[in-house]
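Source file: upload-v2.pdb; contents: PDB, C-alpha atoms, pLDDT in the B column.
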MODEL        1
ATOM      1  CA  TYR X   1      31.325  83.344  89.384  1.00 87.00           C
ATOM      2  CA  LEU X   2      29.758  85.953  87.107  1.00 92.00           C
ATOM      3  CA  LEU X   3      28.736  83.381  84.529  1.00 91.00           C
ATOM      4  CA  LYS X   4      27.085  81.202  87.189  1.00 90.00           C
ATOM      5  CA  GLU X   5      25.252  84.212  88.595  1.00 91.00           C
ATOM      6  CA  ALA X   6      24.033  85.192  85.138  1.00 93.00           C
ATOM      7  CA  LEU X   7      22.741  81.676  84.468  1.00 91.00           C
ATOM      8  CA  LYS X   8      21.305  80.795  87.884  1.00 90.00           C
ATOM      9  CA  ASN X   9      17.673  81.305  86.816  1.00 90.00           C
ATOM     10  CA  ILE X  10      18.171  79.618  83.455  1.00 93.00           C
ATOM     11  CA  ILE X  11      20.130  76.427  84.218  1.00 92.00           C
ATOM     12  CA  PRO X  12      19.106  74.031  87.009  1.00 93.00           C
ATOM     13  CA  ASN X  13      21.243  74.311  90.162  1.00 91.00           C
ATOM     14  CA  GLU X  14      22.301  70.636  90.056  1.00 90.00           C
ATOM     15  CA  ILE X  15      23.981  71.335  86.724  1.00 88.00           C
ATOM     16  CA  LEU X  16      25.204  74.849  87.435  1.00 89.00           C
ATOM     17  CA  TYR X  17      26.695  74.043  90.843  1.00 89.00           C
ATOM     18  CA  GLY X  18      27.317  70.323  90.305  1.00 88.00           C
ATOM     19  CA  PRO X  19      30.719  68.656  90.241  1.00 90.00           C
ATOM     20  CA  LYS X  20      33.073  69.157  87.320  1.00 85.00           C
ATOM     21  CA  ARG X  21      32.982  66.452  84.706  1.00 82.00           C
ATOM     22  CA  GLY X  22      35.589  65.352  82.215  1.00 84.00           C
ATOM     23  CA  LEU X  23      35.043  65.637  78.510  1.00 84.00           C
ATOM     24  CA  ASP X  24      34.384  62.237  77.009  1.00 83.00           C
ATOM     25  CA  VAL X  25      35.446  62.036  73.394  1.00 86.00           C
ATOM     26  CA  PRO X  26      33.253  59.603  71.441  1.00 91.00           C
ATOM     27  CA  TYR X  27      36.091  57.575  69.837  1.00 87.00           C
ATOM     28  CA  LYS X  28      33.906  54.491  69.735  1.00 91.00           C
ATOM     29  CA  GLU X  29      31.218  56.036  67.563  1.00 94.00           C
ATOM     30  CA  TRP X  30      33.589  58.121  65.425  1.00 94.00           C
ATOM     31  CA  LEU X  31      35.691  55.123  64.453  1.00 95.00           C
ATOM     32  CA  LYS X  32      32.644  53.047  63.596  1.00 96.00           C
ATOM     33  CA  LYS X  33      31.147  55.704  61.326  1.00 94.00           C
ATOM     34  CA  ASP X  34      32.630  59.114  60.580  1.00 94.00           C
ATOM     35  CA  LEU X  35      36.333  58.254  60.891  1.00 95.00           C
ATOM     36  CA  TYR X  36      36.180  54.645  59.755  1.00 97.00           C
ATOM     37  CA  ASN X  37      37.133  55.381  56.126  1.00 97.00           C
ATOM     38  CA  LEU X  38      39.940  57.717  57.181  1.00 96.00           C
ATOM     39  CA  ALA X  39      41.347  55.104  59.571  1.00 96.00           C
ATOM     40  CA  GLU X  40      41.007  52.298  57.040  1.00 97.00           C
ATOM     41  CA  GLU X  41      42.763  54.341  54.354  1.00 96.00           C
ATOM     42  CA  SER X  42      45.496  55.455  56.731  1.00 94.00           C
ATOM     43  CA  PHE X  43      46.195  51.945  58.003  1.00 95.00           C
ATOM     44  CA  SER X  44      46.041  50.449  54.485  1.00 94.00           C
ATOM     45  CA  SER X  45      48.547  52.930  53.089  1.00 90.00           C
ATOM     46  CA  ASN X  46      50.993  52.528  55.996  1.00 83.00           C
ATOM     47  CA  LYS X  47      54.424  51.982  54.451  1.00 79.00           C
ATOM     48  CA  SER X  48      56.637  52.779  57.421  1.00 79.00           C
ATOM     49  CA  GLY X  49      56.755  49.246  58.793  1.00 82.00           C
ATOM     50  CA  ILE X  50      56.382  50.591  62.327  1.00 87.00           C
ATOM     51  CA  LEU X  51      52.761  49.496  62.588  1.00 91.00           C
ATOM     52  CA  ASP X  52      51.450  46.168  61.350  1.00 94.00           C
ATOM     53  CA  LYS X  53      48.828  47.385  58.889  1.00 91.00           C
ATOM     54  CA  ASN X  54      47.013  44.040  58.771  1.00 95.00           C
ATOM     55  CA  LYS X  55      46.698  43.960  62.565  1.00 96.00           C
ATOM     56  CA  CYS X  56      45.511  47.597  62.629  1.00 96.00           C
ATOM     57  CA  LEU X  57      42.864  46.822  60.007  1.00 97.00           C
ATOM     58  CA  GLU X  58      41.796  43.685  61.885  1.00 97.00           C
ATOM     59  CA  ILE X  59      41.358  45.640  65.126  1.00 97.00           C
ATOM     60  CA  LEU X  60      39.493  48.397  63.254  1.00 97.00           C
ATOM     61  CA  ASN X  61      37.093  45.912  61.666  1.00 97.00           C
ATOM     62  CA  GLN X  62      36.497  44.121  64.987  1.00 97.00           C
ATOM     63  CA  HIS X  63      35.666  47.500  66.471  1.00 97.00           C
ATOM     64  CA  LYS X  64      33.260  48.399  63.657  1.00 96.00           C
ATOM     65  CA  GLN X  65      31.484  45.035  63.937  1.00 96.00           C
ATOM     66  CA  GLY X  66      31.099  45.465  67.701  1.00 95.00           C
ATOM     67  CA  ILE X  67      33.270  42.451  68.529  1.00 95.00           C
ATOM     68  CA  SER X  68      35.422  44.595  70.802  1.00 94.00           C
ATOM     69  CA  ASP X  69      35.644  48.229  71.910  1.00 93.00           C
ATOM     70  CA  ASN X  70      39.037  49.400  70.688  1.00 94.00           C
ATOM     71  CA  GLY X  71      38.181  53.089  70.389  1.00 94.00           C
ATOM     72  CA  PRO X  72      40.960  54.607  72.518  1.00 93.00           C
ATOM     73  CA  LEU X  73      43.609  52.236  71.098  1.00 95.00           C
ATOM     74  CA  LEU X  74      42.524  52.895  67.520  1.00 96.00           C
ATOM     75  CA  TRP X  75      42.407  56.649  68.083  1.00 96.00           C
ATOM     76  CA  LYS X  76      45.985  56.704  69.412  1.00 95.00           C
ATOM     77  CA  THR X  77      47.157  54.405  66.632  1.00 96.00           C
ATOM     78  CA  LEU X  78      45.479  56.550  63.989  1.00 96.00           C
ATOM     79  CA  ILE X  79      47.065  59.718  65.359  1.00 95.00           C
ATOM     80  CA  LEU X  80      50.486  58.016  65.457  1.00 94.00           C
ATOM     81  CA  ASN X  81      50.055  56.734  61.907  1.00 93.00           C
ATOM     82  CA  LYS X  82      49.002  60.162  60.626  1.00 93.00           C
ATOM     83  CA  TRP X  83      52.022  61.706  62.376  1.00 92.00           C
ATOM     84  CA  ILE X  84      54.284  59.150  60.690  1.00 88.00           C
ATOM     85  CA  GLU X  85      52.687  59.932  57.306  1.00 87.00           C
ATOM     86  CA  ILE X  86      53.359  63.640  57.745  1.00 88.00           C
ATOM     87  CA  TYR X  87      56.891  63.375  59.137  1.00 87.00           C
ATOM     88  CA  SER X  88      58.184  60.180  57.490  1.00 81.00           C
ATOM     89  CA  ASN X  89      60.352  62.113  55.052  1.00 78.00           C
ATOM     90  CA  LYS X  90      62.089  63.781  58.022  1.00 80.00           C
ATOM     91  CA  ILE X  91      62.687  60.575  59.993  1.00 69.00           C
ATOM     92  CA  LYS X  92      65.920  58.656  59.476  1.00 69.00           C
ATOM     93  CA  TRP X  93      64.892  54.999  59.475  1.00 60.00           C
TER      94      TRP X  93
ENDMDL
END
Go ahead and express the file in the form of structure tokens.
Amino acid sequence: YLLKEALKNIIPNEILYGPKRGLDVPYKEWLKKDLYNLAEESFSSNKSGILDKNKCLEILNQHKQGISDNGPLLWKTLILNKWIEIYSNKIKW
């Protein structure tokens, strides 16, 4: 309440008193540019056998070329792969 009152003459009312919005994370853009090399390296060095590295790289490249929007899938796969990299020495395969 106090923050809205302090900002009421600075921020337009439709923004200040508008509905709440979710936070959209720009997976699509990140994985095409800033995180592409990280994802490519992570998928290429995957030795666990849990993820098919060739399929991951194929999906990543299709995403980068704009053939398909695989941002959320790639993000989850990247996080899983990084987790496996970190904890693979503690997992009993």
What separates atom CA of Lys53 of chain X and atom CA of Ser88 of chain X is a distance of 15.9 Å
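Shell of Glu29 of chain X at 10 Å, with all atoms listed in the file counted and residues fewer than 6 places along the chain excluded, is Leu35, Tyr36, His63, Lys64, Asp69 and Gly71 of chain X.
You will find atom CA of Lys32 of chain X at 16.0 Å from atom CA of Ile79 of chain X.
Around the point (54.3, 54.0, 58.9), within 9 Å and counting only C-alpha atoms, we find these residues: Phe43, Ser45, Asn46, Lys47, Ser48, Gly49, Ile50, Leu51, Asp52, Lys53, Leu80, Asn81, Lys82, Trp83, Ile84, Glu85 and Ser88 of chain X.
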Judged by only C-alpha atoms, the minimum distance to Gly18 of chain X among X:Leu73, X:Lys4, X:Ser42, X:Leu31 is found for X:Lys4
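Across the structure, atom CA of Leu60 of chain X and atom CA of Trp75 of chain X are spaced 10.0 Å apart.
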Taking all listed atoms of segment 69-79 of chain X, build the axis-aligned box, pad each of the six sides by 4 Å, then write its centre and edge lengths in Å to one decimal as lines of an AutoDock Vina configuration file.
center_x = 41.4
center_y = 54.0
center_z = 68.3
size_x = 19.5
size_y = 19.5
size_z = 16.5
